[in-house]
>>> print(open('work.cif').read())   # mmCIF, C-alpha atoms
data_final
loop_
_atom_site.group_PDB
_atom_site.id
_atom_site.type_symbol
_atom_site.label_atom_id
_atom_site.label_comp_id
_atom_site.auth_asym_id
_atom_site.auth_seq_id
_atom_site.Cartn_x
_atom_site.Cartn_y
_atom_site.Cartn_z
ATOM 1 C CA MET A 216 1.175 31.044 -58.710
ATOM 2 C CA LYS A 217 -1.317 32.383 -56.189
ATOM 3 C CA LYS A 218 -0.364 35.266 -53.973
ATOM 4 C CA ILE A 219 0.522 34.219 -50.415
ATOM 5 C CA ILE A 220 -0.718 36.505 -47.634
ATOM 6 C CA LEU A 221 0.398 36.198 -44.029
ATOM 7 C CA ALA A 222 -2.435 37.388 -41.779
ATOM 8 C CA SER A 223 -0.185 38.184 -38.814
ATOM 9 C CA GLY A 224 1.782 41.132 -37.520
ATOM 10 C CA SER A 225 4.235 38.910 -35.643
ATOM 11 C CA PRO A 226 7.819 39.705 -36.673
ATOM 12 C CA ARG A 227 8.809 36.151 -35.685
ATOM 13 C CA ARG A 228 6.289 34.555 -38.058
ATOM 14 C CA ARG A 229 7.268 36.981 -40.803
ATOM 15 C CA GLN A 230 10.943 36.068 -40.419
ATOM 16 C CA LEU A 231 10.295 32.322 -40.382
ATOM 17 C CA LEU A 232 8.136 32.443 -43.500
ATOM 18 C CA ALA A 233 10.688 34.641 -45.273
ATOM 19 C CA GLU A 234 13.429 32.124 -44.514
ATOM 20 C CA THR A 235 11.553 29.458 -46.523
ATOM 21 C CA GLY A 236 12.197 31.527 -49.645
ATOM 22 C CA LEU A 237 8.495 32.025 -50.373
ATOM 23 C CA ASP A 238 7.274 35.353 -51.713
ATOM 24 C CA PHE A 239 4.463 36.751 -49.605
ATOM 25 C CA GLU A 240 2.932 39.911 -48.282
ATOM 26 C CA VAL A 241 1.667 40.769 -44.818
ATOM 27 C CA ARG A 242 -1.859 41.943 -44.082
ATOM 28 C CA VAL A 243 -2.505 42.213 -40.377
ATOM 29 C CA SER A 244 -5.844 41.178 -38.948
ATOM 30 C CA HIS A 245 -7.115 43.667 -36.404
ATOM 31 C CA ARG A 246 -10.028 41.532 -35.275
ATOM 32 C CA GLU A 247 -10.019 41.230 -31.478
ATOM 33 C CA GLU A 248 -8.678 37.904 -30.186
ATOM 34 C CA VAL A 249 -11.328 36.348 -27.970
ATOM 35 C CA MET A 250 -10.693 33.020 -26.246
ATOM 36 C CA THR A 251 -14.099 31.410 -25.936
ATOM 37 C CA GLY A 252 -13.163 27.807 -25.066
ATOM 38 C CA SER A 253 -11.109 25.944 -22.506
ATOM 39 C CA ASP A 254 -9.531 23.351 -24.802
ATOM 40 C CA PRO A 255 -6.108 24.670 -25.929
ATOM 41 C CA ALA A 256 -6.097 22.965 -29.330
ATOM 42 C CA GLN A 257 -9.623 24.070 -30.198
ATOM 43 C CA THR A 258 -8.904 27.577 -28.963
ATOM 44 C CA VAL A 259 -5.735 28.084 -30.976
ATOM 45 C CA ALA A 260 -7.363 26.590 -34.076
ATOM 46 C CA ALA A 261 -10.275 29.031 -33.725
ATOM 47 C CA LEU A 262 -7.948 32.008 -33.246
ATOM 48 C CA SER A 263 -5.910 31.133 -36.336
ATOM 49 C CA ALA A 264 -9.107 30.721 -38.362
ATOM 50 C CA MET A 265 -10.425 34.056 -37.139
ATOM 51 C CA LYS A 266 -7.322 35.871 -38.405
ATOM 52 C CA ALA A 267 -7.303 34.096 -41.763
ATOM 53 C CA GLU A 268 -11.036 34.625 -42.330
ATOM 54 C CA ASP A 269 -10.768 38.316 -41.490
ATOM 55 C CA ILE A 270 -8.173 38.870 -44.216
ATOM 56 C CA ALA A 271 -9.873 36.488 -46.666
ATOM 57 C CA ASP A 272 -13.074 38.545 -46.374
ATOM 58 C CA GLN A 273 -11.091 41.620 -47.445
ATOM 59 C CA THR A 274 -9.237 39.919 -50.325
ATOM 60 C CA GLU A 275 -10.611 39.990 -53.869
ATOM 61 C CA GLU A 276 -7.771 38.362 -55.838
ATOM 62 C CA ASP A 277 -6.822 34.657 -55.926
ATOM 63 C CA ALA A 278 -4.587 34.003 -52.940
ATOM 64 C CA VAL A 279 -3.699 31.727 -50.067
ATOM 65 C CA ILE A 280 -4.177 33.317 -46.660
ATOM 66 C CA ILE A 281 -2.128 32.083 -43.691
ATOM 67 C CA GLY A 282 -3.515 32.758 -40.214
ATOM 68 C CA SER A 283 -1.656 31.577 -37.118
ATOM 69 C CA ASP A 284 -1.836 31.848 -33.347
ATOM 70 C CA THR A 285 0.088 30.348 -30.422
ATOM 71 C CA VAL A 286 -0.893 29.552 -26.840
ATOM 72 C CA VAL A 287 0.868 28.031 -23.851
ATOM 73 C CA ALA A 288 -1.059 25.564 -21.694
ATOM 74 C CA ILE A 289 -0.379 23.915 -18.341
ATOM 75 C CA ASP A 290 -2.671 22.143 -15.857
ATOM 76 C CA GLY A 291 -5.535 22.577 -18.317
ATOM 77 C CA MET A 292 -5.123 26.368 -18.258
ATOM 78 C CA ILE A 293 -4.411 28.473 -21.322
ATOM 79 C CA LEU A 294 -1.738 31.128 -20.865
ATOM 80 C CA GLY A 295 -2.045 33.878 -23.435
ATOM 81 C CA LYS A 296 -0.120 37.139 -23.532
ATOM 82 C CA PRO A 297 0.353 38.678 -20.072
ATOM 83 C CA ALA A 298 -1.546 41.881 -19.390
ATOM 84 C CA ASP A 299 1.120 43.291 -17.076
ATOM 85 C CA ALA A 300 4.297 42.503 -15.123
ATOM 86 C CA GLN A 301 2.454 40.713 -12.316
ATOM 87 C CA ALA A 302 0.676 38.421 -14.777
ATOM 88 C CA ALA A 303 4.004 37.684 -16.485
ATOM 89 C CA PHE A 304 5.615 36.861 -13.129
ATOM 90 C CA GLU A 305 2.801 34.450 -12.224
ATOM 91 C CA MET A 306 3.041 32.727 -15.590
ATOM 92 C CA ILE A 307 6.784 32.131 -15.374
ATOM 93 C CA ARG A 308 6.512 30.975 -11.754
ATOM 94 C CA LEU A 309 3.848 28.463 -12.839
ATOM 95 C CA LEU A 310 6.089 27.139 -15.628
ATOM 96 C CA SER A 311 9.235 26.949 -13.468
ATOM 97 C CA GLY A 312 10.624 23.425 -13.099
ATOM 98 C CA ARG A 313 7.797 21.881 -15.110
ATOM 99 C CA THR A 314 6.787 20.754 -18.585
ATOM 100 C CA HIS A 315 4.094 22.641 -20.463
ATOM 101 C CA GLN A 316 2.469 22.563 -23.884
ATOM 102 C CA VAL A 317 2.955 25.084 -26.641
ATOM 103 C CA LEU A 318 0.329 24.848 -29.354
ATOM 104 C CA THR A 319 0.331 26.753 -32.626
ATOM 105 C CA GLY A 320 -2.740 26.694 -34.837
ATOM 106 C CA VAL A 321 -2.529 27.475 -38.536
ATOM 107 C CA THR A 322 -5.408 28.113 -40.923
ATOM 108 C CA LEU A 323 -4.908 28.190 -44.687
ATOM 109 C CA ILE A 324 -7.650 29.659 -46.851
ATOM 110 C CA SER A 325 -7.295 29.211 -50.601
ATOM 111 C CA LEU A 326 -9.244 31.740 -52.650
ATOM 112 C CA GLU A 327 -9.858 31.051 -56.328
ATOM 113 C CA GLY A 328 -12.638 32.955 -58.020
ATOM 114 C CA LYS A 329 -15.710 32.395 -55.883
ATOM 115 C CA THR A 330 -14.299 29.183 -54.415
ATOM 116 C CA ARG A 331 -12.919 29.141 -50.872
ATOM 117 C CA GLN A 332 -11.152 26.105 -49.369
ATOM 118 C CA THR A 333 -10.039 26.051 -45.740
ATOM 119 C CA LYS A 334 -7.522 23.842 -43.940
ATOM 120 C CA THR A 335 -6.770 24.184 -40.217
ATOM 121 C CA PHE A 336 -4.197 22.219 -38.234
ATOM 122 C CA VAL A 337 -2.592 22.414 -34.808
ATOM 123 C CA GLU A 338 0.965 21.429 -33.868
ATOM 124 C CA GLU A 339 2.058 20.819 -30.267
ATOM 125 C CA THR A 340 5.499 20.883 -28.641
ATOM 126 C CA LEU A 341 6.333 20.081 -25.017
ATOM 127 C CA VAL A 342 8.720 22.498 -23.291
ATOM 128 C CA THR A 343 10.486 21.904 -19.970
ATOM 129 C CA PHE A 344 11.852 24.737 -17.845
ATOM 130 C CA ARG A 345 14.502 24.239 -15.223
ATOM 131 C CA GLU A 346 13.715 25.410 -11.703
ATOM 132 C CA LEU A 347 13.873 29.186 -11.357
ATOM 133 C CA SER A 348 14.178 31.176 -8.156
ATOM 134 C CA GLU A 349 11.885 34.138 -7.531
ATOM 135 C CA ALA A 350 14.927 36.394 -7.881
ATOM 136 C CA GLN A 351 15.637 35.009 -11.361
ATOM 137 C CA ILE A 352 12.029 35.489 -12.406
ATOM 138 C CA LYS A 353 11.922 39.033 -11.032
ATOM 139 C CA ALA A 354 15.152 39.915 -12.818
ATOM 140 C CA TYR A 355 13.629 38.759 -16.093
ATOM 141 C CA ILE A 356 10.296 40.525 -15.557
ATOM 142 C CA GLN A 357 11.937 43.781 -14.495
ATOM 143 C CA LYS A 358 14.338 43.917 -17.416
ATOM 144 C CA GLY A 359 13.448 46.973 -19.402
ATOM 145 C CA GLU A 360 11.602 48.759 -16.594
ATOM 146 C CA PRO A 361 11.957 52.547 -16.939
ATOM 147 C CA HIS A 362 15.351 53.907 -15.962
ATOM 148 C CA PRO A 363 15.741 56.931 -13.658
ATOM 149 C CA ALA A 364 15.371 60.311 -15.313
ATOM 150 C CA GLY A 365 18.358 61.333 -17.383
ATOM 151 C CA GLN A 366 19.567 57.790 -18.015
ATOM 152 C CA GLN A 367 19.182 55.595 -21.085
ATOM 153 C CA PRO A 368 15.644 54.831 -22.328
ATOM 154 C CA PRO A 369 14.037 51.531 -21.339
ATOM 155 C CA GLU A 370 14.571 48.369 -23.324
ATOM 156 C CA ILE A 371 11.619 46.542 -24.797
ATOM 157 C CA LEU A 372 10.099 44.353 -22.106
ATOM 158 C CA PRO A 373 11.032 40.795 -23.123
ATOM 159 C CA TRP A 374 7.754 39.212 -21.969
ATOM 160 C CA LYS A 375 5.457 41.618 -23.789
ATOM 161 C CA ASP A 376 3.302 40.220 -26.592
ATOM 162 C CA LYS A 377 4.368 36.615 -25.993
ATOM 163 C CA ALA A 378 2.145 33.688 -25.029
ATOM 164 C CA GLY A 379 3.285 32.359 -21.670
ATOM 165 C CA ALA A 380 5.442 35.486 -21.191
ATOM 166 C CA TYR A 381 8.593 34.152 -22.860
ATOM 167 C CA GLY A 382 10.287 33.575 -26.205
ATOM 168 C CA ILE A 383 12.238 30.355 -26.704
ATOM 169 C CA GLN A 384 14.595 32.055 -29.169
ATOM 170 C CA GLU A 385 15.526 34.878 -26.775
ATOM 171 C CA PRO A 386 18.130 34.938 -23.946
ATOM 172 C CA PHE A 387 15.644 33.874 -21.263
ATOM 173 C CA GLY A 388 14.616 30.791 -23.212
ATOM 174 C CA MET A 389 18.213 29.933 -24.008
ATOM 175 C CA LYS A 390 19.186 30.050 -20.330
ATOM 176 C CA TYR A 391 16.235 28.335 -18.674
ATOM 177 C CA ILE A 392 14.665 25.841 -21.096
ATOM 178 C CA GLU A 393 16.143 22.396 -20.434
ATOM 179 C CA HIS A 394 14.656 20.551 -23.397
ATOM 180 C CA ILE A 395 11.755 20.360 -25.816
ATOM 181 C CA ARG A 396 9.891 17.492 -27.441
ATOM 182 C CA GLY A 397 8.502 18.428 -30.821
ATOM 183 C CA ASP A 398 9.048 21.143 -33.408
ATOM 184 C CA TYR A 399 11.123 24.097 -32.188
ATOM 185 C CA TYR A 400 9.447 26.415 -34.707
ATOM 186 C CA THR A 401 6.025 25.617 -33.273
ATOM 187 C CA VAL A 402 7.223 27.314 -30.076
ATOM 188 C CA VAL A 403 8.604 30.294 -31.981
ATOM 189 C CA GLY A 404 5.154 30.706 -33.530
ATOM 190 C CA LEU A 405 4.965 28.965 -36.914
ATOM 191 C CA PRO A 406 5.381 25.192 -37.541
ATOM 192 C CA VAL A 407 7.263 25.721 -40.786
ATOM 193 C CA CYS A 408 7.727 22.088 -41.854
ATOM 194 C CA ARG A 409 4.015 21.230 -41.589
ATOM 195 C CA LEU A 410 3.025 24.558 -43.121
ATOM 196 C CA TYR A 411 5.340 24.081 -46.096
ATOM 197 C CA ALA A 412 3.987 20.550 -46.645
ATOM 198 C CA GLU A 413 0.426 21.861 -46.702
ATOM 199 C CA LEU A 414 1.366 24.645 -49.129
ATOM 200 C CA GLU A 415 2.997 22.081 -51.418
ATOM 201 C CA LYS A 416 -0.286 20.145 -51.461
ATOM 202 C CA MET A 417 -1.907 23.322 -52.756
ATOM 203 C CA GLY A 418 0.635 23.479 -55.568
ATOM 204 C CA LEU A 419 2.612 26.395 -54.173
#
>>> encode(input="work.cif", output="structure tokens")
Amino acid sequence: MKKIILASGSPRRRQLLAETGLDFEVRVSHREEVMTGSDPAQTVAALSAMKAEDIADQTEEDAVIIGSDTVVAIDGMILGKPADAQAAFEMIRLLSGRTHQVLTGVTLISLEGKTRQTKTFVEETLVTFRELSEAQIKAYIQKGEPHPAGQQPPEILPWKDKAGAYGIQEPFGMKYIEHIRGDYYTVVGLPVCRLYAELEKMGL
């Protein structure tokens, strides 16, 4: 059986893949993520391919490389990871009371000798937030802000490193997401069912 390599540092993707029972290792791509297009599906497909290709170029043994990336889109705009608290606030306010798209792109690169085969796909799930007040959004954004000197250290900011500034599997998502249409795991960051089907086609 070929080695499976996950080209992502995301702990959520690592956990999901581990729960399938597959043996794999993690090699994180450090290539800078650059969004060059305006189409969400094309963008997330390109980002996933970039990660997978980066690791494939560094891999000499036979293996299957898995690259993945997730974006949130609404009104034709792509919402990536917020740069700061203000950007996170604006993202959540834009999503409040509305339905948006979450798209996860996955690229599989099969390496065998000098042969390289690539498969890229994109899965989409629609997510609907209930209406949030500005106070509710601020409370979420400010969670984990530094405490006064001498008190407990800050918590990890919940919106950091997440497309659209939220995680569906975390308390905020549990409280304010009314419903979804599509694969839940696509929103978490890895469409496991489709991925597993594609790996089976490769004989894994």
>>> axis_aligned_box(input="work.cif", around="range 226-236 of chain A", padding_each_side="8 Å", output="AutoDock Vina command-line options")
--center_x 9.9 --center_y 34.6 --center_z -42.7 --size_x 23.1 --size_y 26.2 --size_z 30.0
>>> residues_around(input="work.cif", residues="Glu393 in chain A", least_positions_apart="6", cutoff="7 Å", atoms="all atoms listed in the file", output="PDB file with C-alpha atoms, keeping the file's coordinate frame")
ATOM      1  CA  THR A 343      10.486  21.904 -19.970  1.00  0.00           C
ATOM      2  CA  PHE A 344      11.852  24.737 -17.845  1.00  0.00           C
ATOM      3  CA  ARG A 345      14.502  24.239 -15.223  1.00  0.00           C
TER       4      ARG A 345
END
>>> residues_around(input="work.cif", residues="Asp277 in chain A", least_positions_apart="2", cutoff="7 Å", atoms="only C-alpha atoms", output="list in words")
Lys217, Lys218, Glu275, Leu326, Glu327 and Gly328 of chain A
>>> write_last_selection(input="work.cif", atoms="C-alpha atoms", output="CSV table (one decimal), in the frame of the given file")
chain,number,residue,atom,x,y,z
A,217,LYS,CA,-1.3,32.4,-56.2
A,218,LYS,CA,-0.4,35.3,-54.0
A,275,GLU,CA,-10.6,40.0,-53.9
A,326,LEU,CA,-9.2,31.7,-52.6
A,327,GLU,CA,-9.9,31.1,-56.3
A,328,GLY,CA,-12.6,33.0,-58.0
>>> atom_distance(input="work.cif", atom1="CA of Leu405 in chain A", atom2="CA of Glu338 in chain A")
9.1 Å
>>> atom_distance(input="work.cif", atom1="CA of Leu310 in chain A", atom2="CA of Gln257 in chain A")
21.6 Å
>>> residues_around(input="work.cif", residues="Cys408 in chain A", least_positions_apart="3", cutoff="12 Å", atoms="all atoms listed in the file", output="list in words")
Leu231, Leu232, Glu234, Thr235, Glu338, Gly397, Asp398, Tyr399, Tyr400, Thr401, Leu405, Tyr411, Ala412, Glu413, Leu414 and Glu415 of chain A
>>> closest_residue(input="work.cif", among="A:Lys296, A:His315, A:Lys266, A:Lys358", to="His245 in chain A", atoms="only C-alpha atoms")
A:Lys266
>>> closest_residue(input="work.cif", among="A:Val342, A:Ala350, A:Ile293, A:Ala256", to="Ala378 in chain A", atoms="only C-alpha atoms")
A:Ile293
>>> closest_residue(input="work.cif", among="A:Lys353, A:Lys329, A:Arg396, A:Arg409", to="Glu305 in chain A", atoms="all atoms listed in the file")
A:Lys353
>>> resolve_selection(input="work.cif", expression="the PyMOL selection byres ((chain A and resi 325) around 9)", output="tab-separated table (two decimals) with C-alpha atoms, in the coordinates of the input")
chain	number	residue	atom	x	y	z
A	217	LYS	CA	-1.32	32.38	-56.19
A	271	ALA	CA	-9.87	36.49	-46.67
A	277	ASP	CA	-6.82	34.66	-55.93
A	278	ALA	CA	-4.59	34.00	-52.94
A	279	VAL	CA	-3.70	31.73	-50.07
A	280	ILE	CA	-4.18	33.32	-46.66
A	323	LEU	CA	-4.91	28.19	-44.69
A	324	ILE	CA	-7.65	29.66	-46.85
A	326	LEU	CA	-9.24	31.74	-52.65
A	327	GLU	CA	-9.86	31.05	-56.33
A	330	THR	CA	-14.30	29.18	-54.42
A	331	ARG	CA	-12.92	29.14	-50.87
A	332	GLN	CA	-11.15	26.10	-49.37
A	333	THR	CA	-10.04	26.05	-45.74
A	334	LYS	CA	-7.52	23.84	-43.94
A	417	MET	CA	-1.91	23.32	-52.76
>>> resolve_selection(input="work.cif", expression="the PyMOL selection byres ((chain A and resi 300) around 10)", output="PDB file with C-alpha atoms, keeping the file's coordinate frame")
ATOM      1  CA  PRO A 297       0.353  38.678 -20.072  1.00  0.00           C
ATOM      2  CA  ALA A 298      -1.546  41.881 -19.390  1.00  0.00           C
ATOM      3  CA  ASP A 299       1.120  43.291 -17.076  1.00  0.00           C
ATOM      4  CA  GLN A 301       2.454  40.713 -12.316  1.00  0.00           C
ATOM      5  CA  ALA A 302       0.676  38.421 -14.777  1.00  0.00           C
ATOM      6  CA  ALA A 303       4.004  37.684 -16.485  1.00  0.00           C
ATOM      7  CA  PHE A 304       5.615  36.861 -13.129  1.00  0.00           C
ATOM      8  CA  GLU A 305       2.801  34.450 -12.224  1.00  0.00           C
ATOM      9  CA  MET A 306       3.041  32.727 -15.590  1.00  0.00           C
ATOM     10  CA  LYS A 353      11.922  39.033 -11.032  1.00  0.00           C
ATOM     11  CA  ILE A 356      10.296  40.525 -15.557  1.00  0.00           C
ATOM     12  CA  GLN A 357      11.937  43.781 -14.495  1.00  0.00           C
ATOM     13  CA  GLU A 360      11.602  48.759 -16.594  1.00  0.00           C
ATOM     14  CA  LEU A 372      10.099  44.353 -22.106  1.00  0.00           C
ATOM     15  CA  TRP A 374       7.754  39.212 -21.969  1.00  0.00           C
ATOM     16  CA  LYS A 375       5.457  41.618 -23.789  1.00  0.00           C
ATOM     17  CA  ALA A 380       5.442  35.486 -21.191  1.00  0.00           C
TER      18      ALA A 380
END
>>> atom_distance(input="work.cif", atom1="CA of Leu262 in chain A", atom2="CA of Ile383 in chain A")
21.3 Å
